[in-house]
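**Q** My structure is in entry.tsv, and what it holds is TSV, C-alpha atoms:
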chain	number	residue	atom	x	y	z
M	1	MET	CA	0.00	0.00	0.00
M	2	LEU	CA	2.84	2.41	0.89
M	3	GLY	CA	4.53	1.45	-2.36
M	4	ARG	CA	1.41	2.29	-4.35
M	5	ILE	CA	1.17	5.66	-2.61
M	6	PHE	CA	4.84	6.43	-3.30
M	7	PHE	CA	4.61	5.40	-6.95
M	8	THR	CA	1.38	7.39	-7.39
M	9	ILE	CA	3.05	10.51	-5.99
M	10	ILE	CA	5.93	10.10	-8.43
M	11	ILE	CA	3.55	9.70	-11.37
M	12	LEU	CA	1.46	12.70	-10.31
M	13	LEU	CA	4.56	14.85	-9.91
M	14	SER	CA	5.83	13.76	-13.31
M	15	LEU	CA	2.51	14.70	-14.86
M	16	ALA	CA	2.28	18.00	-13.01
M	17	PHE	CA	5.89	18.99	-13.79
M	18	PRO	CA	6.88	17.25	-17.02
M	19	ALA	CA	10.58	16.64	-17.52
M	20	ALA	CA	10.34	18.22	-20.96
M	21	ALA	CA	9.35	21.54	-19.39
M	22	LEU	CA	12.34	21.37	-17.05
M	23	SER	CA	14.73	20.57	-19.87
M	24	GLY	CA	13.43	23.28	-22.17
M	25	GLU	CA	11.91	20.88	-24.69
M	26	ASP	CA	8.36	21.22	-25.95
M	27	PRO	CA	5.99	19.20	-23.78
M	28	VAL	CA	4.03	16.40	-25.39
M	29	GLN	CA	0.70	17.70	-26.62
M	30	GLU	CA	-2.27	15.74	-25.32
M	31	ASP	CA	-5.49	15.43	-27.27
M	32	PRO	CA	-7.51	18.52	-26.12
M	33	ALA	CA	-10.80	16.85	-27.07
M	34	ARG	CA	-9.99	13.91	-24.82
M	35	GLU	CA	-9.05	16.23	-21.92
M	36	ASP	CA	-12.30	18.18	-22.27
M	37	LEU	CA	-14.31	14.97	-22.20
M	38	LEU	CA	-12.49	13.64	-19.17
M	39	ASP	CA	-12.98	16.91	-17.28
M	40	ASP	CA	-16.68	17.15	-18.10
M	41	PRO	CA	-18.71	15.30	-15.42
M	42	GLN	CA	-21.74	15.25	-17.73
M	43	VAL	CA	-20.04	13.11	-20.37
M	44	GLU	CA	-21.11	9.49	-20.20
M	45	GLU	CA	-18.61	6.65	-20.20
M	46	HIS	CA	-19.48	3.34	-21.84
M	47	TYR	CA	-17.31	0.25	-21.34
M	48	TYR	CA	-16.97	-2.66	-23.76
M	49	ARG	CA	-14.91	-5.80	-24.00
M	50	GLY	CA	-12.84	-6.08	-27.17
M	51	ARG	CA	-10.14	-8.10	-28.87
M	52	VAL	CA	-7.12	-6.52	-30.57
M	53	LEU	CA	-7.17	-7.65	-34.21
M	54	GLU	CA	-4.35	-5.56	-35.64
M	55	ILE	CA	-1.66	-3.15	-34.55
M	56	ASP	CA	-1.34	-0.82	-37.55
M	57	GLU	CA	1.45	1.37	-36.27
M	58	THR	CA	3.54	1.98	-33.16
M	59	LYS	CA	4.99	5.47	-32.71
M	60	GLU	CA	7.54	6.54	-30.12
M	61	ASP	CA	8.12	10.07	-28.82
M	62	ARG	CA	11.38	9.99	-26.87
M	63	GLN	CA	12.11	12.80	-24.42
M	64	GLU	CA	15.04	13.23	-22.07
M	65	TYR	CA	13.44	11.53	-19.09
M	66	TYR	CA	10.60	9.52	-20.52
M	67	THR	CA	9.18	8.02	-23.70
M	68	ILE	CA	5.58	8.12	-24.88
M	69	ILE	CA	4.44	5.26	-27.13
M	70	GLU	CA	1.27	5.30	-29.22
M	71	GLN	CA	-0.27	2.19	-30.77
M	72	ASP	CA	-2.86	2.48	-33.54
M	73	LEU	CA	-5.17	-0.48	-32.98
M	74	VAL	CA	-8.04	-2.20	-34.72
M	75	VAL	CA	-10.28	-3.67	-32.03
M	76	GLU	CA	-13.31	-5.91	-32.47
M	77	LEU	CA	-15.96	-5.43	-29.79
M	78	THR	CA	-16.90	-8.76	-28.20
M	79	SER	CA	-19.65	-7.66	-25.80
M	80	GLY	CA	-22.59	-5.29	-25.61
M	81	PRO	CA	-25.04	-4.11	-28.26
M	82	PHE	CA	-22.25	-3.46	-30.77
M	83	GLU	CA	-20.67	-6.90	-30.57
M	84	GLY	CA	-18.75	-7.72	-33.72
M	85	GLN	CA	-18.16	-4.09	-34.71
M	86	LYS	CA	-14.57	-3.13	-35.52
M	87	ILE	CA	-13.23	0.24	-34.38
M	88	LYS	CA	-9.91	2.05	-34.63
M	89	ILE	CA	-8.49	3.40	-31.39
M	90	VAL	CA	-5.17	4.61	-29.98
M	91	ASN	CA	-3.38	3.19	-26.96
M	92	THR	CA	-1.05	5.77	-25.37
M	93	PHE	CA	1.29	5.02	-22.48
M	94	PHE	CA	4.55	5.99	-20.82
M	95	GLU	CA	7.33	3.49	-21.37
M	96	GLY	CA	8.57	1.88	-18.19
M	97	ASP	CA	5.38	2.45	-16.19
M	98	PRO	CA	4.08	-1.07	-15.38
M	99	VAL	CA	1.48	0.17	-12.90
M	100	TYR	CA	-0.79	2.33	-15.03
M	101	ASP	CA	0.20	1.69	-18.67
M	102	PHE	CA	0.63	-1.40	-20.81
M	103	LEU	CA	1.70	-2.50	-24.29
M	104	VAL	CA	-1.04	-4.52	-25.98
M	105	GLU	CA	-0.51	-7.39	-28.40
M	106	GLU	CA	-2.58	-8.84	-31.22
M	107	GLY	CA	-5.25	-11.23	-29.99
M	108	GLN	CA	-5.24	-9.74	-26.50
M	109	GLU	CA	-8.55	-8.92	-24.84
M	110	VAL	CA	-8.94	-5.34	-23.61
M	111	ILE	CA	-11.54	-3.07	-22.02
M	112	VAL	CA	-12.51	-0.13	-24.23
M	113	VAL	CA	-14.04	3.07	-22.86
M	114	ALA	CA	-16.02	5.34	-25.19
M	115	MET	CA	-16.85	8.93	-24.23
M	116	GLY	CA	-20.17	10.45	-25.21
M	117	GLU	CA	-23.35	8.85	-26.46
M	118	GLU	CA	-23.59	5.09	-26.65
M	119	GLY	CA	-22.44	3.88	-30.04
M	120	ASP	CA	-20.17	6.89	-30.64
M	121	PHE	CA	-16.59	5.59	-30.85
M	122	GLU	CA	-14.85	8.75	-32.04
M	123	GLN	CA	-13.47	9.26	-28.55
M	124	ALA	CA	-12.65	5.65	-27.61
M	125	TYR	CA	-9.56	4.47	-25.75
M	126	VAL	CA	-8.06	1.34	-24.25
M	127	HIS	CA	-9.01	1.59	-20.59
M	128	ASP	CA	-7.38	-1.59	-19.28
M	129	LEU	CA	-6.55	-5.20	-20.00
M	130	ALA	CA	-9.46	-7.65	-19.64
M	131	ARG	CA	-8.76	-9.57	-16.45
M	132	ASP	CA	-12.22	-10.67	-15.39
M	133	ARG	CA	-12.20	-14.07	-17.08
M	134	GLY	CA	-9.36	-15.30	-14.87
M	135	VAL	CA	-11.28	-14.12	-11.81
M	136	TYR	CA	-14.49	-15.84	-12.95
M	137	TYR	CA	-12.68	-19.10	-13.75
M	138	LEU	CA	-11.09	-19.14	-10.30
M	139	ILE	CA	-14.44	-18.47	-8.62
M	140	GLY	CA	-15.94	-21.32	-10.69
M	141	VAL	CA	-13.26	-23.75	-9.51
M	142	PHE	CA	-13.87	-22.62	-5.94
M	143	LEU	CA	-17.64	-23.20	-6.16
M	144	ILE	CA	-17.21	-26.59	-7.86
M	145	GLY	CA	-14.73	-27.63	-5.18
M	146	LEU	CA	-17.18	-26.66	-2.44
M	147	ILE	CA	-19.92	-28.78	-4.01
M	148	VAL	CA	-17.72	-31.80	-4.83
M	149	VAL	CA	-16.02	-31.98	-1.44
M	150	GLY	CA	-18.72	-30.54	0.80
M	151	ARG	CA	-21.80	-31.84	-1.04
M	152	MET	CA	-24.84	-30.45	0.77
M	153	LYS	CA	-22.63	-28.56	3.21
M	154	GLY	CA	-20.89	-27.02	0.21
M	155	VAL	CA	-24.21	-25.88	-1.23
M	156	LYS	CA	-25.10	-24.34	2.14
M	157	THR	CA	-21.74	-22.60	2.21
M	158	ILE	CA	-22.40	-21.05	-1.19
M	159	ILE	CA	-25.81	-19.83	-0.01
M	160	THR	CA	-24.38	-18.22	3.13
M	161	LEU	CA	-21.55	-16.65	1.14
M	162	ALA	CA	-24.03	-15.19	-1.35
M	163	VAL	CA	-26.17	-13.77	1.46
M	164	THR	CA	-23.14	-12.21	3.15
M	165	ILE	CA	-22.02	-10.55	-0.09
M	166	PHE	CA	-25.60	-9.36	-0.67
M	167	LEU	CA	-25.72	-7.79	2.81
M	168	ILE	CA	-22.41	-6.01	2.25
M	169	TYR	CA	-23.23	-4.55	-1.17
M	170	GLN	CA	-26.92	-3.85	-0.69
M	171	PHE	CA	-26.93	-2.61	2.90
M	172	LEU	CA	-23.52	-1.99	4.49
M	173	LEU	CA	-21.81	0.00	1.73
M	174	PRO	CA	-24.82	2.17	0.73
M	175	LEU	CA	-25.56	3.02	4.39
M	176	LEU	CA	-21.89	3.90	4.97
M	177	LEU	CA	-22.03	6.33	2.04
M	178	LEU	CA	-25.14	7.88	3.59
M	179	GLY	CA	-23.17	8.67	6.73
M	180	TYR	CA	-24.47	6.07	9.18
M	181	SER	CA	-22.20	4.88	12.02
M	182	PRO	CA	-19.66	2.40	10.57
M	183	ILE	CA	-19.14	0.62	13.90
M	184	LEU	CA	-22.86	0.14	14.54
M	185	LEU	CA	-23.40	-1.09	10.98
M	186	ALA	CA	-20.46	-3.50	11.23
M	187	ILE	CA	-21.78	-4.96	14.50
M	188	VAL	CA	-25.29	-5.41	13.07
M	189	LEU	CA	-23.89	-6.98	9.89
M	190	ALA	CA	-21.67	-9.30	11.94
M	191	ILE	CA	-24.60	-10.47	14.10
M	192	VAL	CA	-26.88	-11.07	11.11
M	193	ALA	CA	-24.18	-12.77	9.02
M	194	VAL	CA	-22.97	-14.97	11.89
M	195	THR	CA	-26.48	-16.02	12.91
M	196	PHE	CA	-27.58	-16.86	9.38
M	197	THR	CA	-24.33	-18.60	8.44
M	198	LEU	CA	-24.03	-20.81	11.51
M	199	PHE	CA	-27.70	-21.77	11.62
M	200	VAL	CA	-27.59	-22.74	7.93
M	201	ILE	CA	-24.28	-24.61	8.20
M	202	GLY	CA	-24.77	-26.17	11.63
M	203	GLY	CA	-28.56	-26.42	11.77
M	204	LEU	CA	-31.06	-25.08	14.31
M	205	ASN	CA	-29.51	-26.60	17.42
M	206	LEU	CA	-27.71	-25.76	20.64
M	207	LYS	CA	-24.33	-26.30	18.99
M	208	SER	CA	-24.99	-23.51	16.49
M	209	LEU	CA	-26.38	-21.24	19.19
M	210	VAL	CA	-23.25	-21.72	21.28
M	211	ALA	CA	-21.05	-20.98	18.25
M	212	ILE	CA	-23.07	-17.85	17.43
M	213	LEU	CA	-22.81	-16.42	20.95
M	214	GLY	CA	-19.09	-17.21	21.18
M	215	THR	CA	-18.38	-15.70	17.78
M	216	ILE	CA	-20.32	-12.49	18.47
M	217	THR	CA	-18.45	-12.11	21.77
M	218	GLY	CA	-15.09	-12.50	20.02
M	219	VAL	CA	-16.02	-9.99	17.32
M	220	ILE	CA	-17.13	-7.42	19.91
M	221	VAL	CA	-13.88	-7.93	21.84
M	222	ALA	CA	-11.89	-7.39	18.63
M	223	GLY	CA	-13.79	-4.16	17.96
M	224	LEU	CA	-13.31	-2.88	21.52
M	225	MET	CA	-9.58	-3.68	21.46
M	226	ALA	CA	-9.20	-1.92	18.11
M	227	PHE	CA	-11.07	1.14	19.40
M	228	TRP	CA	-9.02	1.24	22.60
M	229	ALA	CA	-5.63	0.82	20.90
M	230	GLY	CA	-6.62	3.07	18.00
M	231	SER	CA	-7.58	5.87	20.40
M	232	ILE	CA	-4.26	5.60	22.23
M	233	ALA	CA	-2.33	5.49	18.93
M	234	GLN	CA	-4.47	8.36	17.57
M	235	LEU	CA	-5.17	6.55	14.32
M	236	THR	CA	-6.81	8.83	11.76
M	237	GLY	CA	-8.44	6.27	9.46
M	238	PHE	CA	-6.48	7.71	6.52
M	239	GLY	CA	-3.75	5.07	6.58
M	240	THR	CA	-4.61	3.72	3.13
M	241	HIS	CA	-4.58	5.30	-0.29
M	242	GLU	CA	-8.23	4.31	-0.79
M	243	ALA	CA	-9.33	6.10	2.39
M	244	GLN	CA	-7.48	9.23	1.27
M	245	MET	CA	-9.27	9.13	-2.07
M	246	LEU	CA	-12.59	8.56	-0.30
M	247	TYR	CA	-12.08	11.84	1.58
M	248	PHE	CA	-12.62	13.81	-1.63
M	249	MET	CA	-15.95	12.16	-2.42
M	250	ASP	CA	-19.14	14.08	-1.78
M	251	HIS	CA	-20.15	11.94	1.20
M	252	THR	CA	-20.06	12.33	4.97
M	253	ILE	CA	-18.05	9.38	6.30
M	254	ASP	CA	-16.63	8.70	9.74
M	255	PHE	CA	-13.15	7.55	8.73
M	256	ARG	CA	-11.99	6.45	12.19
M	257	GLY	CA	-15.21	4.54	12.61
M	258	LEU	CA	-14.70	3.05	9.16
M	259	LEU	CA	-11.28	1.79	10.24
M	260	PHE	CA	-12.69	0.02	13.31
M	261	ALA	CA	-15.63	-1.34	11.32
M	262	GLY	CA	-13.16	-2.83	8.84
M	263	ILE	CA	-11.32	-4.54	11.68
M	264	ILE	CA	-14.58	-6.04	12.97
M	265	ILE	CA	-15.56	-7.37	9.54
M	266	GLY	CA	-12.02	-8.51	8.72
M	267	SER	CA	-11.76	-10.62	11.87
M	268	LEU	CA	-15.23	-12.10	11.47
M	269	GLY	CA	-14.27	-15.05	9.26
M	270	ALA	CA	-11.51	-16.41	11.48
M	271	ILE	CA	-13.58	-15.97	14.65
M	272	ILE	CA	-16.54	-17.79	13.07
M	273	ASP	CA	-14.19	-20.69	12.28
M	274	ILE	CA	-12.90	-21.02	15.79
M	275	GLY	CA	-16.34	-20.54	17.37
M	276	MET	CA	-17.88	-23.29	15.27
M	277	SER	CA	-14.87	-25.59	15.80
M	278	VAL	CA	-15.07	-25.35	19.59
M	279	ALA	CA	-18.87	-25.71	19.67
M	280	SER	CA	-18.78	-28.69	17.31
M	281	ALA	CA	-16.07	-30.38	19.35
M	282	ALA	CA	-18.09	-29.88	22.55
M	283	ALA	CA	-21.23	-31.26	20.90
M	284	GLU	CA	-19.35	-34.34	19.67
M	285	ILE	CA	-17.86	-34.94	23.12
M	286	LYS	CA	-21.29	-34.66	24.68
M	287	GLU	CA	-22.79	-37.02	22.10
M	288	ALA	CA	-20.06	-39.61	22.70
M	289	HIS	CA	-20.21	-39.27	26.50
M	290	PRO	CA	-23.71	-38.19	27.56
M	291	GLU	CA	-22.80	-38.54	31.25
M	292	ILE	CA	-19.94	-36.00	31.07
M	293	ASN	CA	-20.23	-33.06	33.49
M	294	GLY	CA	-19.80	-29.37	32.69
M	295	GLN	CA	-16.24	-29.07	34.00
M	296	GLU	CA	-14.96	-31.97	31.92
M	297	LEU	CA	-16.81	-30.72	28.84
M	298	PHE	CA	-15.25	-27.27	29.31
M	299	ARG	CA	-11.79	-28.82	29.61
M	300	GLY	CA	-12.25	-30.91	26.44
M	301	ALA	CA	-13.61	-27.95	24.45
M	302	MET	CA	-10.72	-25.77	25.64
M	303	ASN	CA	-8.16	-28.35	24.53
M	304	VAL	CA	-9.63	-28.33	21.04
M	305	GLY	CA	-9.89	-24.52	21.11
M	306	ARG	CA	-6.23	-24.10	22.02
M	307	ASP	CA	-5.14	-26.19	19.04
M	308	VAL	CA	-7.40	-24.31	16.65
M	309	MET	CA	-6.42	-20.97	18.18
M	310	GLY	CA	-2.75	-21.55	17.39
M	311	THR	CA	-3.41	-22.12	13.71
M	312	MET	CA	-6.11	-19.46	13.36
M	313	ALA	CA	-3.98	-16.74	14.95
M	314	ASN	CA	-1.25	-17.54	12.42
M	315	THR	CA	-3.84	-17.50	9.63
M	316	LEU	CA	-5.09	-14.05	10.62
M	317	ILE	CA	-1.63	-12.52	11.00
M	318	LEU	CA	-0.29	-14.12	7.81
M	319	ALA	CA	-3.31	-12.84	5.86
M	320	TYR	CA	-2.44	-9.27	6.86
M	321	VAL	CA	1.28	-9.81	6.23
M	322	GLY	CA	0.55	-11.26	2.80
M	323	ALA	CA	-1.46	-8.19	1.83
M	324	ALA	CA	1.23	-5.86	3.18
M	325	THR	CA	4.29	-7.64	1.74
M	326	PRO	CA	5.18	-4.86	-0.78
M	327	MET	CA	4.96	-2.30	2.02
M	328	LEU	CA	7.20	-4.41	4.27
M	329	LEU	CA	9.74	-4.82	1.47
M	330	LEU	CA	9.73	-1.07	0.93
M	331	VAL	CA	10.42	-0.49	4.62
M	332	MET	CA	13.23	-3.05	4.64
M	333	GLY	CA	14.67	-1.96	1.30
M	334	TYR	CA	15.02	1.67	2.40
M	335	GLU	CA	16.31	0.59	5.85
M	336	MET	CA	13.92	2.93	7.63
M	337	ASP	CA	14.42	3.61	11.32
M	338	TRP	CA	12.10	1.49	13.50
M	339	LEU	CA	10.96	4.53	15.50
M	340	MET	CA	9.80	6.18	12.31
M	341	VAL	CA	8.20	3.00	10.92
M	342	ILE	CA	6.15	2.03	14.00
M	343	ASN	CA	4.79	5.58	14.33
M	344	MET	CA	3.54	5.78	10.74
M	345	ASP	CA	-0.27	5.85	10.60
M	346	LEU	CA	-0.30	3.12	7.95
M	347	ILE	CA	1.98	0.76	9.91
M	348	ALA	CA	0.26	1.35	13.25
M	349	THR	CA	-3.10	0.71	11.60
M	350	GLU	CA	-1.96	-2.66	10.26
M	351	PHE	CA	-0.60	-3.67	13.67
M	352	VAL	CA	-3.85	-2.72	15.41
M	353	ARG	CA	-5.87	-4.48	12.72
M	354	GLY	CA	-3.98	-7.77	13.01
M	355	VAL	CA	-3.49	-7.88	16.77
M	356	ALA	CA	-7.03	-6.74	17.68
M	357	GLY	CA	-8.49	-9.44	15.44
M	358	SER	CA	-6.25	-12.04	17.05
M	359	ILE	CA	-7.32	-10.94	20.55
M	360	GLY	CA	-10.95	-11.34	19.51
M	361	LEU	CA	-10.13	-14.80	18.24
M	362	ILE	CA	-8.45	-15.71	21.55
M	363	ALA	CA	-11.43	-14.41	23.53
M	364	ALA	CA	-13.85	-16.53	21.50
M	365	VAL	CA	-12.22	-19.78	22.68
M	366	PRO	CA	-12.95	-19.70	26.45
M	367	VAL	CA	-16.30	-17.96	25.95
M	368	THR	CA	-17.50	-20.62	23.49
M	369	ALA	CA	-16.13	-23.43	25.66
M	370	PHE	CA	-17.83	-21.99	28.76
M	371	LEU	CA	-21.18	-21.57	26.98
M	372	ALA	CA	-20.91	-25.12	25.64
M	373	SER	CA	-20.17	-26.51	29.11
M	374	ARG	CA	-23.27	-24.77	30.48
M	375	MET	CA	-25.76	-25.15	27.63
M	376	LEU	CA	-24.83	-28.65	26.45
M	377	SER	CA	-24.06	-30.29	29.79
M	378	VAL	CA	-27.64	-29.84	31.05
M	379	THR	CA	-28.95	-32.09	28.27
M	380	THR	CA	-28.75	-35.83	27.87
M	381	GLY	CA	-27.87	-37.71	24.71
M	382	ASP	CA	-31.56	-38.32	24.00
M	383	ILE	CA	-32.45	-34.64	24.31
M	384	LEU	CA	-29.43	-33.48	22.30
M	385	ARG	CA	-29.95	-35.85	19.37
M	386	PRO	CA	-33.13	-34.25	17.91
M	387	PHE	CA	-31.29	-30.93	17.65
M	388	ARG	CA	-28.45	-32.38	15.60
M	389	ASN	CA	-28.35	-32.29	11.78
Can you give me the file's structure in the form of structure tokens?
**A**
Amino acid sequence: MLGRIFFTIIILLSLAFPAAALSGEDPVQEDPAREDLLDDPQVEEHYYRGRVLEIDETKEDRQEYYTIIEQDLVVELTSGPFEGQKIKIVNTFFEGDPVYDFLVEEGQEVIVVAMGEEGDFEQAYVHDLARDRGVYYLIGVFLIGLIVVGRMKGVKTIITLAVTIFLIYQFLLPLLLLGYSPILLAIVLAIVAVTFTLFVIGGLNLKSLVAILGTITGVIVAGLMAFWAGSIAQLTGFGTHEAQMLYFMDHTIDFRGLLFAGIIIGSLGAIIDIGMSVASAAAEIKEAHPEINGQELFRGAMNVGRDVMGTMANTLILAYVGAATPMLLLVMGYEMDWLMVINMDLIATEFVRGVAGSIGLIAAVPVTAFLASRMLSVTTGDILRPFRN
């Protein structure tokens, strides 16, 4: 994330103060019609998938510090109402900029953006490479794997996943943009998602109820720890490039609250796993030994919880480290002083995010084990069986 911010600053500075102007050379002239269209908020943008059929000509404009390359392309549209239509467009990019620009090849699929009315391709440009097919294929393999391995449980998992995504995109995000409390929304979403998911996966039984209560407790603990540590560390909520961009949108958003809400939602998956694991283990122990008392059931559930906790804590931390690897390499590569690094808003935010989530995960283990020892130990095998799947 820090690397993206740094590279973006360099690109913006290079665009704001072109090297050609510093060296006395004539700056590269951009298409004024394209600039007017991009600056006009009333101009509509229409996106199409296309395939590069031909590259008619490639022109290079070499300056002292950079090179601009233009490709004259013939692109066949492969989606939308104009599928099959061939258009001529220009792909312009700065050589040596792998983040924002790219050199297309014949046969490659691209995303074309056309400015103006639909069907008008006079102002059409290559917006990006088409990457969605790889994403869709991977999702397809994931769903097939769930069904093949999990069978009915896999189908239930897909249903709960779809409902969770629906709740996020249809309720959480729109309400956040309207200015509602991010923390309150995150807690409500967590409760609804956890309840629905565990009742669908585990069935309407005491085991699922125990897992739900333990998970909700762990999530609340993670949120409280994040709020407490974030207040001491004076986190601003602007530790990411995306949050900084969000500041300039015409919406009233509580950015510190958004940070803590993200921590609650981010820790939810791992805490659900450990809550259900402990509750399921307790239910199986009770089913195998109906005469077991509450203390022994608590001890057995805790033993399972400790094993799962060790792996889940690593999973949570490694997930954050994996996402922040470029940032960590940047810090190590520039040999930054630790005092400076740990006090950066971005770094402190990632520490609070990972550690608070892990504390919530730890808290879910004894709470779930305690609830299981109380709620399951009062039943006998005969009473417990009708509640099982």
**Q** What's the 7 Å shell around range 292-308 of chain M, counting all atoms listed in the file, without same-chain residues fewer than 3 positions away, as a ChimeraX atom specification?
**A** /M:274,278,281-282,286,289,311-312,365-366,369-370,373-374,377
**Q** Show which residues sit within 12 Å of range 76-92 of chain M, as a VMD selection string. Count all atoms listed in the file, and ignore same-chain residues fewer than 4 positions away.
**A** chain M and resid 28 30 to 31 34 46 to 61 67 to 72 97 100 to 114 118 to 130
**Q** What is the CA of Val355 in chain M to CA of Ala229 in chain M distance in Å?
**A** 9.9 Å
**Q** What would the list of residues within 10 Å of (-12.6, -10.5, 12.4) (file frame) look like as a ChimeraX atom specification, if only C-alpha atoms are what count?
**A** /M:190,215,218-223,261-272,316,353-354,356-361
**Q** When you draw a straight line from CA of Ala348 in chain M to CA of Asp250 in chain M, how long is it in Å?
**A**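 Value for the CA of Ala348 in chain M-CA of Asp250 in chain M distance: 27.6 Å.
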